[in-house]
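Input: a single structure, listed below in structure tokens.
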Amino acid sequence: MSPKQQRGEATVDLLLTTALRVFAESGQQGFTVNAVVSAGGVSLGSLYHHFGSFDGLAAALYIRCMDELCDEMVAALTRCRTARTGVRAWVTAYLEFTQEHRDMALFLHASAYSGYLVAHAEEIGAAKAEKFAAIMRWLGVRMERGEIAPLPAPVVEVLVMGPLAEAARRWLSSTYEIDLTEAARYLPDHIWRSLRPEPA
């Protein structure tokens, strides 16, 4: 890699890291292009050069956060051999990520209805599909063995991610009384029961 490419990668990393920090410190209202370039000591032109727009930066940050979350879930799942231990590890990994990386989890949840997700839907969808393909391959093997109910991938995602996303959203909002450590004692087994096959 040339020195110019190295500088470019360093600038991209700086902008993404700074953007997450600005969002965590200032919230959605303070998450502006001027705040990010000022905090990062980077020119506006540099931001546009690397990301095309502020929406492009936000979408790239979303993908980075999503990648880190998915990597944690995939690693936890694929270390396990049985369907039950794998699903429980997947659930636990999501909850632990939320607690240990609150800023990233908050950005992911706050982005749900943001314009940059719509503007970069294809790019984000492709990144997510690649990560979830690894999860579905692991689950597919267990479905073929009869260890997991033969459900469509979107249904599996809703059954697993739906309760997790709601638990995380409530914890992150501080509006609701919910203890993620307590949730981690109950959700893994309850979510597993929603995926296991019906008894013959």
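Just so we're on the same page: first chain in the structure tokens is A, next is B, and so on; residues restart at 1 for each chain, and ligands are numbered from 1 in the order they show up.
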What are the closest atom pairs, with distances in Å to one decimal, for all residues of segment 77-133 of chain A lying within 10 Å of segment 164-171 of chain A? Consider only C-alpha atoms, order rows by chain and residue number, and present the result as a Markdown table.
| residue | atom | partner | partner_atom | distance |
| --- | --- | --- | --- | --- |
| A:Val91 | CA | A:Leu164 | CA | 7.3 |
| A:Thr92 | CA | A:Leu164 | CA | 9.4 |
| A:Tyr94 | CA | A:Leu164 | CA | 7.3 |
| A:Leu95 | CA | A:Leu164 | CA | 7.2 |
| A:Phe97 | CA | A:Ala168 | CA | 10.0 |
| A:Thr98 | CA | A:Ala168 | CA | 6.7 |
| A:Gln99 | CA | A:Ala168 | CA | 8.7 |
| A:Arg102 | CA | A:Ala168 | CA | 9.6 |
| A:Ala105 | CA | A:Ala168 | CA | 8.0 |
| A:Leu106 | CA | A:Arg169 | CA | 8.0 |
| A:Leu108 | CA | A:Arg169 | CA | 9.8 |
| A:His109 | CA | A:Arg169 | CA | 6.6 |
| A:Ala110 | CA | A:Arg169 | CA | 8.8 |
Keeping only N, CA, C and O atoms, write those residues as a PDB file, in the first residue's frame.
ATOM      1  N   VAL A  91     -27.589 -15.101  20.862  1.00  0.00           N
ATOM      2  CA  VAL A  91     -28.377 -14.161  21.654  1.00  0.00           C
ATOM      3  C   VAL A  91     -27.502 -13.443  22.687  1.00  0.00           C
ATOM      4  O   VAL A  91     -27.553 -12.219  22.837  1.00  0.00           O
ATOM      5  N   THR A  92     -26.701 -14.215  23.383  1.00  0.00           N
ATOM      6  CA  THR A  92     -25.830 -13.649  24.413  1.00  0.00           C
ATOM      7  C   THR A  92     -24.831 -12.656  23.821  1.00  0.00           C
ATOM      8  O   THR A  92     -24.566 -11.597  24.402  1.00  0.00           O
ATOM      9  N   TYR A  94     -25.183 -10.746  21.205  1.00  0.00           N
ATOM     10  CA  TYR A  94     -25.868  -9.486  20.888  1.00  0.00           C
ATOM     11  C   TYR A  94     -26.016  -8.632  22.148  1.00  0.00           C
ATOM     12  O   TYR A  94     -25.731  -7.425  22.137  1.00  0.00           O
ATOM     13  N   LEU A  95     -26.463  -9.246  23.223  1.00  0.00           N
ATOM     14  CA  LEU A  95     -26.683  -8.495  24.457  1.00  0.00           C
ATOM     15  C   LEU A  95     -25.367  -7.988  25.042  1.00  0.00           C
ATOM     16  O   LEU A  95     -25.294  -6.851  25.538  1.00  0.00           O
ATOM     17  N   PHE A  97     -22.625  -7.318  23.328  1.00  0.00           N
ATOM     18  CA  PHE A  97     -22.162  -6.232  22.453  1.00  0.00           C
ATOM     19  C   PHE A  97     -22.852  -4.933  22.818  1.00  0.00           C
ATOM     20  O   PHE A  97     -22.220  -3.873  22.883  1.00  0.00           O
ATOM     21  N   THR A  98     -24.151  -4.990  23.048  1.00  0.00           N
ATOM     22  CA  THR A  98     -24.918  -3.789  23.386  1.00  0.00           C
ATOM     23  C   THR A  98     -24.384  -3.141  24.665  1.00  0.00           C
ATOM     24  O   THR A  98     -24.234  -1.913  24.734  1.00  0.00           O
ATOM     25  N   GLN A  99     -24.064  -3.961  25.646  1.00  0.00           N
ATOM     26  CA  GLN A  99     -23.562  -3.423  26.907  1.00  0.00           C
ATOM     27  C   GLN A  99     -22.128  -2.916  26.787  1.00  0.00           C
ATOM     28  O   GLN A  99     -21.778  -1.887  27.358  1.00  0.00           O
ATOM     29  N   ARG A 102     -21.808   0.455  23.855  1.00  0.00           N
ATOM     30  CA  ARG A 102     -23.066   1.206  23.911  1.00  0.00           C
ATOM     31  C   ARG A 102     -23.167   2.247  22.797  1.00  0.00           C
ATOM     32  O   ARG A 102     -24.241   2.429  22.208  1.00  0.00           O
ATOM     33  N   ALA A 105     -24.047   0.509  19.526  1.00  0.00           N
ATOM     34  CA  ALA A 105     -25.416  -0.001  19.601  1.00  0.00           C
ATOM     35  C   ALA A 105     -26.425   1.137  19.512  1.00  0.00           C
ATOM     36  O   ALA A 105     -27.443   1.036  18.814  1.00  0.00           O
ATOM     37  N   LEU A 106     -26.133   2.232  20.186  1.00  0.00           N
ATOM     38  CA  LEU A 106     -27.028   3.386  20.152  1.00  0.00           C
ATOM     39  C   LEU A 106     -27.133   3.954  18.740  1.00  0.00           C
ATOM     40  O   LEU A 106     -28.227   4.288  18.270  1.00  0.00           O
ATOM     41  N   LEU A 108     -26.679   2.347  15.898  1.00  0.00           N
ATOM     42  CA  LEU A 108     -27.441   1.406  15.075  1.00  0.00           C
ATOM     43  C   LEU A 108     -28.942   1.569  15.300  1.00  0.00           C
ATOM     44  O   LEU A 108     -29.722   1.621  14.343  1.00  0.00           O
ATOM     45  N   HIS A 109     -29.348   1.665  16.556  1.00  0.00           N
ATOM     46  CA  HIS A 109     -30.774   1.773  16.852  1.00  0.00           C
ATOM     47  C   HIS A 109     -31.332   3.138  16.465  1.00  0.00           C
ATOM     48  O   HIS A 109     -32.454   3.237  15.973  1.00  0.00           O
ATOM     49  N   ALA A 110     -30.564   4.180  16.671  1.00  0.00           N
ATOM     50  CA  ALA A 110     -31.032   5.528  16.338  1.00  0.00           C
ATOM     51  C   ALA A 110     -31.124   5.739  14.832  1.00  0.00           C
ATOM     52  O   ALA A 110     -31.822   6.648  14.370  1.00  0.00           O
TER      53      ALA A 110
END
Residues within 10 Å of Ala153 of chain A, please, as a PDB file with C-alpha atoms, in the first residue's frame. Count only C-alpha atoms; anything in the same chain fewer than 5 positions from it doesn't count.
ATOM      1  CA  PHE A 132     -26.247 -12.990   7.782  1.00  0.00           C
ATOM      2  CA  ALA A 133     -25.396 -15.510   5.064  1.00  0.00           C
ATOM      3  CA  ILE A 135     -25.436 -17.276  10.163  1.00  0.00           C
ATOM      4  CA  MET A 136     -27.966 -18.864   7.824  1.00  0.00           C
ATOM      5  CA  LEU A 139     -28.525 -22.675  10.820  1.00  0.00           C
ATOM      6  CA  GLY A 140     -29.234 -24.387   7.494  1.00  0.00           C
ATOM      7  CA  VAL A 158     -37.441 -11.755  13.303  1.00  0.00           C
ATOM      8  CA  LEU A 159     -37.714 -14.467  15.962  1.00  0.00           C
TER       9      LEU A 159
END
For segment 81-89 of chain A, list every protein, DNA or RNA residue within 7 Å, evaluated using only C-alpha atoms, and leave out those in the same chain fewer than 2 positions away; present the list as a list in words.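 Counting only C-alpha atoms, the residues come to Ala76, Leu77, Thr78, Arg79, Val91, Thr92, Ala93, Arg142, Glu147, Ile148, Pro188, Asp189 and Trp192 of chain A.
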How many Å lie between atom CA of Ile63 of chain A and atom CA of Ala35 of chain A, rounded to one decimal? 20.6 Å
Atom CA of Leu14 of chain A to atom CA of Ala112 of chain A: how many Å, to one decimal?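 Distance reported for this atom pair: 23.9 Å.
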So which bits of segment 67-121 of chain A end up alpha helix (DSSP H) when you DSSP the backbone, as a PyMOL selection string? chain A and resi 67-78+83-100+102-110+115-119+121
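Take the candidates A:Val12, A:Gly41, A:Ala149, A:Glu72 and check each one against Arg193 of chain A using only C-alpha atoms; the shortest distance goes to A:Ala149.
Using only C-alpha atoms, the smallest distance between any of A:Met161, A:Lys128, A:Arg137, A:Phe31 and Cys70 of chain A comes from A:Lys128.
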Which residue is closest to Glu130 of chain A? Choose from A:Leu117, A:Met143, A:Met66, A:Ala184 and count only C-alpha atoms. A:Met66
Excluding Leu44 of chain A and residues on its chain fewer than 6 positions from it, collect all residues at most 9 Å away from it, counting only C-alpha atoms, and give them as a ChimeraX atom specification. /A:33-34,37-38
